[in-house]
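Shown next: run01.txt, given as compact mmCIF, C-alpha atoms and all ligand atoms.
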```txt
# COMPACT_ATOMS: atom_id res chain seq x y z
CA MET A 1 -9.11 25.69 9.26
CA VAL A 2 -6.72 22.97 10.38
CA LYS A 3 -7.58 19.47 9.17
CA THR A 4 -5.55 16.43 10.18
CA ARG A 5 -6.04 12.77 9.49
CA PHE A 6 -5.15 9.32 10.67
CA ALA A 7 -4.80 6.92 7.75
CA PRO A 8 -4.14 3.37 8.96
CA SER A 9 -3.78 0.37 6.68
CA PRO A 10 -5.93 -2.45 8.02
CA THR A 11 -3.20 -5.06 7.76
CA GLY A 12 -3.19 -5.89 11.45
CA LYS A 13 -4.34 -4.66 14.80
CA LEU A 14 -3.63 -1.14 16.00
CA HIS A 15 -0.26 -0.92 17.77
CA VAL A 16 1.24 1.61 20.12
CA GLY A 17 3.02 3.44 17.28
CA ASN A 18 -0.25 3.91 15.36
CA VAL A 19 -2.04 5.10 18.45
CA ARG A 20 0.61 7.67 19.18
CA THR A 21 0.42 9.01 15.60
CA ALA A 22 -3.37 9.14 15.81
CA LEU A 23 -3.17 10.92 19.15
CA PHE A 24 -0.93 13.69 17.78
CA ALA A 25 -3.20 14.23 14.77
CA TYR A 26 -6.29 14.17 16.96
CA LEU A 27 -4.91 16.53 19.60
CA TYR A 28 -3.59 19.00 17.06
CA ALA A 29 -7.03 19.19 15.43
CA ARG A 30 -8.77 19.62 18.79
CA HIS A 31 -6.24 22.17 20.03
CA THR A 32 -6.70 24.37 16.95
CA GLY A 33 -10.46 23.95 16.68
CA GLY A 34 -9.93 22.02 13.46
CA LYS A 35 -11.15 18.70 12.15
CA PHE A 36 -9.81 15.18 12.46
CA VAL A 37 -10.40 12.69 9.63
CA LEU A 38 -10.17 8.90 9.72
CA ARG A 39 -9.32 7.29 6.39
CA ILE A 40 -8.79 3.58 5.86
CA GLU A 41 -5.98 2.80 3.40
CA ASP A 42 -7.05 -0.64 2.26
CA THR A 43 -5.85 -0.89 -1.33
CA ASP A 44 -3.36 -3.66 -0.58
CA LEU A 45 -5.98 -6.35 -1.01
CA ASP A 46 -3.63 -9.20 -0.12
CA ARG A 47 -2.83 -7.76 3.28
CA SER A 48 -5.97 -5.79 4.19
CA HIS A 49 -8.85 -7.44 6.00
CA SER A 50 -12.25 -6.06 6.87
CA ASP A 51 -12.00 -7.65 10.32
CA TYR A 52 -9.07 -5.36 11.01
CA ILE A 53 -11.11 -2.35 9.89
CA ASP A 54 -13.82 -3.21 12.41
CA LYS A 55 -11.22 -3.74 15.10
CA LEU A 56 -9.43 -0.46 14.31
CA ILE A 57 -12.68 1.43 14.60
CA GLU A 58 -13.54 -0.31 17.84
CA ASP A 59 -10.12 0.46 19.32
CA LEU A 60 -10.17 4.12 18.29
CA LYS A 61 -13.59 4.49 19.84
CA TRP A 62 -12.40 2.79 23.02
CA LEU A 63 -9.56 5.31 23.12
CA SER A 64 -12.10 8.15 22.59
CA LEU A 65 -10.19 9.34 19.54
CA GLU A 66 -13.35 10.50 17.81
CA TRP A 67 -13.18 11.57 14.20
CA ASP A 68 -15.21 14.32 12.55
CA GLU A 69 -15.15 12.74 9.10
CA GLY A 70 -14.64 9.13 8.16
CA PRO A 71 -16.28 5.71 8.30
CA ILE A 72 -19.61 5.60 10.16
CA VAL A 73 -19.85 9.38 10.66
CA GLY A 74 -19.46 10.18 6.92
CA GLY A 75 -18.55 13.62 5.60
CA PRO A 76 -18.29 15.48 2.30
CA GLU A 77 -16.48 12.57 0.59
CA LYS A 78 -18.46 9.65 -0.75
CA SER A 79 -16.31 7.15 1.09
CA TYR A 80 -13.37 7.16 3.50
CA LEU A 81 -12.27 3.68 2.49
CA GLN A 82 -9.72 3.78 -0.30
CA SER A 83 -11.06 0.56 -1.79
CA GLU A 84 -14.29 2.44 -2.49
CA ARG A 85 -12.50 5.36 -4.16
CA ILE A 86 -10.90 3.53 -7.07
CA GLU A 87 -12.73 5.57 -9.74
CA ILE A 88 -11.27 8.78 -8.30
CA TYR A 89 -7.71 7.44 -8.56
CA LYS A 90 -8.39 6.33 -12.14
CA TYR A 91 -9.76 9.74 -13.05
CA PHE A 92 -6.63 11.57 -11.89
CA ALA A 93 -4.33 8.96 -13.45
CA ASN A 94 -6.06 9.54 -16.80
CA LYS A 95 -5.70 13.26 -16.35
CA LEU A 96 -1.97 12.84 -15.75
CA ILE A 97 -1.68 10.66 -18.86
CA GLU A 98 -3.59 13.21 -20.96
CA GLU A 99 -1.32 15.98 -19.73
CA GLY A 100 1.79 13.95 -20.63
CA LYS A 101 2.78 13.53 -16.97
CA ALA A 102 2.27 9.76 -16.79
CA TYR A 103 2.22 6.85 -19.22
CA HIS A 104 1.36 3.20 -19.62
CA CYS A 105 4.30 0.94 -18.91
CA TYR A 106 4.34 -2.64 -20.19
CA CYS A 107 7.69 -3.77 -18.78
CA THR A 108 7.95 -7.15 -17.11
CA PRO A 109 9.62 -7.37 -13.67
CA GLU A 110 12.71 -8.84 -15.40
CA GLU A 111 12.91 -5.94 -17.85
CA ILE A 112 12.56 -3.43 -15.04
CA GLU A 113 15.31 -5.14 -13.06
CA HIS A 114 17.60 -5.28 -16.09
CA GLY A 115 16.97 -1.57 -16.80
CA LYS A 116 17.74 -0.62 -13.22
CA LYS A 117 21.06 -2.46 -13.36
CA GLU A 118 21.96 -0.60 -16.55
CA MET A 119 21.07 2.72 -14.95
CA GLU A 120 23.25 1.89 -11.98
CA ALA A 121 26.14 0.85 -14.20
CA SER A 122 25.90 4.20 -16.00
CA GLY A 123 26.40 6.02 -12.70
CA LYS A 124 22.76 6.84 -11.98
CA GLY A 125 20.69 5.38 -9.18
CA PRO A 126 19.05 1.96 -9.55
CA ILE A 127 15.91 3.60 -10.96
CA TYR A 128 13.49 2.74 -13.75
CA ASN A 129 15.06 3.65 -17.09
CA GLY A 130 11.99 5.24 -18.69
CA ARG A 131 11.83 2.59 -21.40
CA CYS A 132 8.06 2.91 -21.96
CA ARG A 133 7.94 6.72 -21.80
CA ASN A 134 7.74 7.27 -25.55
CA LEU A 135 6.15 4.15 -26.99
CA THR A 136 4.46 4.44 -30.37
CA HIS A 137 0.91 3.21 -30.92
CA SER A 138 2.13 0.15 -32.76
CA GLN A 139 4.62 -0.73 -29.98
CA LYS A 140 1.79 -0.47 -27.46
CA ARG A 141 -0.46 -2.60 -29.64
CA LYS A 142 2.25 -5.23 -29.95
CA PHE A 143 2.65 -5.45 -26.16
CA GLU A 144 -1.10 -5.68 -25.75
CA GLU A 145 -1.29 -8.48 -28.29
CA GLU A 146 1.31 -10.31 -26.21
CA GLY A 147 -1.19 -10.11 -23.36
CA ARG A 148 0.76 -7.60 -21.31
CA ILE A 149 -1.38 -5.48 -19.00
CA PRO A 150 0.16 -2.06 -18.36
CA VAL A 151 0.69 -0.19 -15.14
CA VAL A 152 0.49 3.61 -15.04
CA ARG A 153 3.84 5.22 -14.36
CA PHE A 154 4.34 8.83 -13.29
CA ILE A 155 7.14 10.86 -14.91
CA ALA A 156 9.40 11.88 -12.05
CA TYR A 157 10.56 15.51 -12.05
CA ASP A 158 14.26 15.97 -12.54
CA GLU A 159 14.57 18.64 -9.88
CA ASP A 160 15.27 19.13 -6.18
CA PHE A 161 12.42 19.15 -3.70
CA GLU A 162 12.33 20.25 -0.09
CA ILE A 163 9.94 20.59 2.81
CA ASN A 164 10.00 22.45 6.08
CA ASP A 165 8.88 19.63 8.29
CA ILE A 166 7.33 20.78 11.55
CA VAL A 167 9.34 18.17 13.48
CA LYS A 168 12.42 17.56 11.33
CA GLY A 169 12.98 21.09 10.04
CA ASN A 170 14.28 21.62 6.52
CA VAL A 171 14.54 18.35 4.60
CA LYS A 172 16.04 18.29 1.11
CA PHE A 173 15.38 15.66 -1.54
CA PRO A 174 18.05 16.10 -4.21
CA LYS A 175 17.06 15.39 -7.82
CA GLY A 176 17.70 11.98 -9.28
CA MET A 177 16.62 10.13 -6.14
CA VAL A 178 13.58 8.58 -7.80
CA GLY A 179 12.82 7.42 -11.31
CA ASP A 180 9.41 7.25 -12.99
CA PHE A 181 7.25 5.43 -10.46
CA VAL A 182 4.11 3.34 -10.62
CA ILE A 183 0.88 5.02 -9.52
CA LEU A 184 -1.68 2.47 -10.71
CA ARG A 185 -0.96 -1.25 -10.70
CA ALA A 186 -1.99 -3.58 -13.53
CA THR A 187 -5.01 -4.46 -11.39
CA GLY A 188 -6.10 -0.81 -11.57
CA LEU A 189 -5.46 -0.35 -7.85
CA PRO A 190 -3.41 2.67 -6.76
CA VAL A 191 -0.13 2.54 -4.86
CA TYR A 192 0.14 4.25 -1.48
CA ASN A 193 2.26 7.25 -2.57
CA TYR A 194 -0.31 8.20 -5.16
CA ALA A 195 -3.61 7.48 -3.39
CA VAL A 196 -2.45 9.26 -0.25
CA VAL A 197 -1.93 12.52 -2.18
CA ILE A 198 -5.25 12.36 -4.01
CA ASP A 199 -7.05 11.75 -0.74
CA ASP A 200 -5.16 14.26 1.37
CA ALA A 201 -5.81 16.90 -1.31
CA LEU A 202 -9.51 16.11 -1.84
CA MET A 203 -10.12 15.80 1.90
CA GLU A 204 -8.40 19.20 2.30
CA ILE A 205 -5.91 17.97 4.86
CA THR A 206 -3.76 20.90 5.99
CA HIS A 207 -1.35 19.00 8.26
CA VAL A 208 -0.05 15.53 7.46
CA ILE A 209 1.11 14.14 10.79
CA ARG A 210 2.56 10.65 10.48
CA ALA A 211 5.41 8.32 11.32
CA ASP A 212 9.01 9.02 10.48
CA GLU A 213 9.21 6.01 8.20
CA HIS A 214 7.20 7.94 5.58
CA LEU A 215 9.66 10.83 5.32
CA SER A 216 11.45 9.25 2.36
CA ASN A 217 8.11 8.69 0.59
CA THR A 218 7.38 12.38 0.76
CA VAL A 219 9.43 13.26 -2.32
CA ARG A 220 7.20 11.14 -4.57
CA GLN A 221 4.16 12.67 -2.98
CA LEU A 222 5.48 16.22 -3.53
CA MET A 223 5.82 15.42 -7.22
CA ILE A 224 2.18 14.34 -7.46
CA TYR A 225 1.05 17.51 -5.66
CA LYS A 226 3.01 19.54 -8.16
CA ALA A 227 1.77 17.69 -11.24
CA LEU A 228 -1.88 17.99 -10.22
CA LYS A 229 -1.45 21.58 -8.98
CA PHE A 230 -2.75 20.60 -5.56
CA LYS A 231 -1.83 22.68 -2.53
CA THR A 232 0.94 20.96 -0.57
CA PRO A 233 0.06 20.47 3.12
CA GLU A 234 2.36 20.97 6.09
CA PHE A 235 4.20 17.83 7.16
CA ALA A 236 5.12 16.61 10.64
CA HIS A 237 7.04 13.33 10.76
CA LEU A 238 7.08 11.84 14.22
CA ALA A 239 9.96 9.77 15.51
CA LEU A 240 9.26 6.09 16.06
CA VAL A 241 8.52 4.76 19.50
CA LEU A 242 11.51 2.71 20.67
CA GLY A 243 11.69 0.17 23.45
CA PRO A 244 14.34 0.30 26.20
CA ASP A 245 16.54 -1.75 23.84
CA ARG A 246 16.24 1.12 21.30
CA GLN A 247 14.51 -1.19 18.85
CA LYS A 248 11.32 -0.26 17.04
CA LEU A 249 8.38 -0.85 19.37
CA SER A 250 5.76 -1.77 16.84
CA LYS A 251 4.59 -4.99 18.34
CA ARG A 252 0.87 -5.23 18.07
N1 LIG A 301 -1.47 3.88 5.45
C1 LIG A 301 -0.21 4.45 5.82
C2 LIG A 301 0.31 3.71 7.05
O1 LIG A 301 -0.48 3.10 7.74
C3 LIG A 301 -0.41 5.93 6.11
C4 LIG A 301 0.79 6.74 6.01
C5 LIG A 301 0.45 8.21 6.05
O2 LIG A 301 -0.05 8.65 7.08
O3 LIG A 301 0.66 8.88 5.04
O4 LIG A 301 1.49 3.72 7.30
```

Represent the structure from my file as structure tokens, please.
Amino acid sequence: MVKTRFAPSPTGKLHVGNVRTALFAYLYARHTGGKFVLRIEDTDLDRSHSDYIDKLIEDLKWLSLEWDEGPIVGGPEKSYLQSERIEIYKYFANKLIEEGKAYHCYCTPEEIEHGKKEMEASGKGPIYNGRCRNLTHSQKRKFEEEGRIPVVRFIAYDEDFEINDIVKGNVKFPKGMVGDFVILRATGLPVYNYAVVIDDALMEITHVIRADEHLSNTVRQLMIYKALKFKTPEFAHLALVLGPDRQKLSKR
């Protein structure tokens, strides 16, 4: 069965670009007799506001874009608000650590920046240098005694990835594009590229229909699917809505 989703971040009011994305996901689910899920991606606590969640829900209802699973209507998942799913993200992050696919990283922003410059100077991309990949227990203890709180970093695969995007066609992501990337922040909150995969997989989304601007994020997401042996969904990246001046029309 087809299952699509609309996954807005409540950092502002719904705009025409969001609505168009939601409409495609909604119509594809209805057309195929599938299900349409609404998920609120509110883990950026500085920018997310509950008022915007209420407003988003009100606007989607006004547009008659009714969801089969999500806030208010519920569904098989305990919650459709990412801020209420933190334990799930922690569980999978621990699993990745136990399997040697992720690690605690204690680097300061300055150390990360310095490492990236070195990587660039050595002819690689400006990516994280993997400094904390193989820390010993005593090195970790020393950092902890200094009061450093680690993030969880995922070990990027050194291989090519590709998708057959329903809109874009074959898209290749050559290896070396991304270095080990953060999946859980020091606050314990997940980053978008990680949480989105956990949720799309657990919510059994078959078709990820979203804006073009997320195409470049897809490579990180493919790596998480692979590491957790989750089934990769189909992707459809929709072009942005432009105004007559050919500028991005994302004014709320
Ligand atoms: N929360 C993301 C956004 O609003 C969702 C992206 C996605 O659909 O994967 O852009």

Could you pull out every residue with an atom within 12 Å of (-3.2, 18.1, 19.9), file coordinates, counting all atoms listed in the file, and send them as a PyMOL selection string? chain A and resi 2-4+20-36+65+207+209

Residue selection dump (C-alpha atoms) as a PDB file, in the coordinates of the input:
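Saved to out.pdb:
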```pdb
ATOM      1  CA  VAL A   2      -6.720  22.970  10.380  1.00  0.00           C
ATOM      2  CA  LYS A   3      -7.580  19.470   9.170  1.00  0.00           C
ATOM      3  CA  THR A   4      -5.550  16.430  10.180  1.00  0.00           C
ATOM      4  CA  ARG A  20       0.610   7.670  19.180  1.00  0.00           C
ATOM      5  CA  THR A  21       0.420   9.010  15.600  1.00  0.00           C
ATOM      6  CA  ALA A  22      -3.370   9.140  15.810  1.00  0.00           C
ATOM      7  CA  LEU A  23      -3.170  10.920  19.150  1.00  0.00           C
ATOM      8  CA  PHE A  24      -0.930  13.690  17.780  1.00  0.00           C
ATOM      9  CA  ALA A  25      -3.200  14.230  14.770  1.00  0.00           C
ATOM     10  CA  TYR A  26      -6.290  14.170  16.960  1.00  0.00           C
ATOM     11  CA  LEU A  27      -4.910  16.530  19.600  1.00  0.00           C
ATOM     12  CA  TYR A  28      -3.590  19.000  17.060  1.00  0.00           C
ATOM     13  CA  ALA A  29      -7.030  19.190  15.430  1.00  0.00           C
ATOM     14  CA  ARG A  30      -8.770  19.620  18.790  1.00  0.00           C
ATOM     15  CA  HIS A  31      -6.240  22.170  20.030  1.00  0.00           C
ATOM     16  CA  THR A  32      -6.700  24.370  16.950  1.00  0.00           C
ATOM     17  CA  GLY A  33     -10.460  23.950  16.680  1.00  0.00           C
ATOM     18  CA  GLY A  34      -9.930  22.020  13.460  1.00  0.00           C
ATOM     19  CA  LYS A  35     -11.150  18.700  12.150  1.00  0.00           C
ATOM     20  CA  PHE A  36      -9.810  15.180  12.460  1.00  0.00           C
ATOM     21  CA  LEU A  65     -10.190   9.340  19.540  1.00  0.00           C
ATOM     22  CA  HIS A 207      -1.350  19.000   8.260  1.00  0.00           C
ATOM     23  CA  ILE A 209       1.110  14.140  10.790  1.00  0.00           C
TER      24      ILE A 209
END
```

For chain A against ligand LIG 301 (chain A), with a cut-off of 7 Å and counting all atoms listed in the file, what is the closest atom pair and its distance in Å to one decimal for every residue that makes the cut, ordered by chain and number, as a tab-separated table?
```
residue	atom	partner	partner_atom	distance
A:Phe6	CA	A:LIG301	O2	6.3
A:Ala7	CA	A:LIG301	C3	4.8
A:Pro8	CA	A:LIG301	O1	3.9
A:Ser9	CA	A:LIG301	N1	4.4
A:Glu41	CA	A:LIG301	N1	5.1
A:Val196	CA	A:LIG301	O3	6.1
A:Val208	CA	A:LIG301	O2	6.9
A:Ile209	CA	A:LIG301	O2	6.7
A:Arg210	CA	A:LIG301	O2	4.7
A:Ala211	CA	A:LIG301	O2	6.9
A:His214	CA	A:LIG301	C4	6.5
```

Generate the output file for the selected residues, C-alpha atoms, as a PDB file, in the coordinates of the input.
```
ATOM      1  CA  PHE A   6      -5.150   9.320  10.670  1.00  0.00           C
ATOM      2  CA  ALA A   7      -4.800   6.920   7.750  1.00  0.00           C
ATOM      3  CA  PRO A   8      -4.140   3.370   8.960  1.00  0.00           C
ATOM      4  CA  SER A   9      -3.780   0.370   6.680  1.00  0.00           C
ATOM      5  CA  GLU A  41      -5.980   2.800   3.400  1.00  0.00           C
ATOM      6  CA  VAL A 196      -2.450   9.260  -0.250  1.00  0.00           C
ATOM      7  CA  VAL A 208      -0.050  15.530   7.460  1.00  0.00           C
ATOM      8  CA  ILE A 209       1.110  14.140  10.790  1.00  0.00           C
ATOM      9  CA  ARG A 210       2.560  10.650  10.480  1.00  0.00           C
ATOM     10  CA  ALA A 211       5.410   8.320  11.320  1.00  0.00           C
ATOM     11  CA  HIS A 214       7.200   7.940   5.580  1.00  0.00           C
TER      12      HIS A 214
END
```

Taking only C-alpha atoms into account, which of A:Ile88, A:Met203, A:Leu222, A:Val19 comes nearest Pro76 of chain A?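 Looking only at the distances to Pro76 of chain A, the closest residue turns out to be A:Met203.
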
Starting from 3 Å padding per side, set up an axis-aligned box that covers all listed atoms of segment 92-108 of chain A and hand over centre and edge lengths in Å, one decimal, as AutoDock Vina command-line options.
```
--center_x 0.7 --center_y 4.4 --center_z -16.4 --size_x 20.6 --size_y 29.1 --size_z 15.1
```

Can you list, as an MDAnalysis selection string, every protein, DNA or RNA residue that comes within 12 Å of Glu118 of chain A when you count all atoms listed in the file, leaving out same-chain residues fewer than 5 positions away? chainID A and resid 111:113 123:131

Cut-off 12 Å: closest segment 79-182 of chain A/segment 51-62 of chain A atom pairs per residue, using all atoms listed in the file, as a Markdown table:
```
| residue | atom | partner | partner_atom | distance |
| --- | --- | --- | --- | --- |
| A:Tyr80 | CA | A:Ile53 | CA | 11.7 |
| A:Leu81 | CA | A:Ile53 | CA | 9.6 |
| A:Gln82 | CA | A:Ile53 | CA | 12.0 |
```

To one decimal place in Å, what is the distance between atom CA of Asn134 of chain A and atom CA of Arg185 of chain A? 19.2 Å

Top pick for closest residue to His237 of chain A, considering A:Ala102, A:Asp165, A:Tyr89, A:Phe181 and counting all atoms listed in the file: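 Going through A:Ala102, A:Asp165, A:Tyr89, A:Phe181 one by one, the smallest distance to His237 of chain A is for A:Asp165.
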
For Val191 of chain A: contacts at 12 Å, all atoms listed in the file, fewer than 6 positions along chain excluded, given as a VMD selection string: chain A and resid 41 to 45 82 to 83 86 89 to 90 93 151 to 154 181 to 185 197 to 198 217 220 to 221

Residues within 12 Å of (10.8, 9.9, 17.7), counting only C-alpha atoms, listed as number ranges by chain: A: 17, 20-21, 167-168, 210-213, 236-243, 246-249

Just to confirm, what's the straight-line distance from atom CA of Ile166 of chain A to atom CA of Leu63 of chain A in Å (one decimal)?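 Between these atoms lies a distance of 25.7 Å.
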
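Using all atoms listed in the file, the smallest distance between any of A:Thr232, A:Gly12, A:Tyr91, A:Arg5 and Trp67 of chain A comes from A:Arg5.
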
Using only C-alpha atoms for the distances, tell me which of A:Ile72, A:Ala227, A:Val16, A:Val219 is nearest to Phe173 of chain A.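 Of the candidates, the smallest distance to Phe173 of chain A is held by A:Val219.
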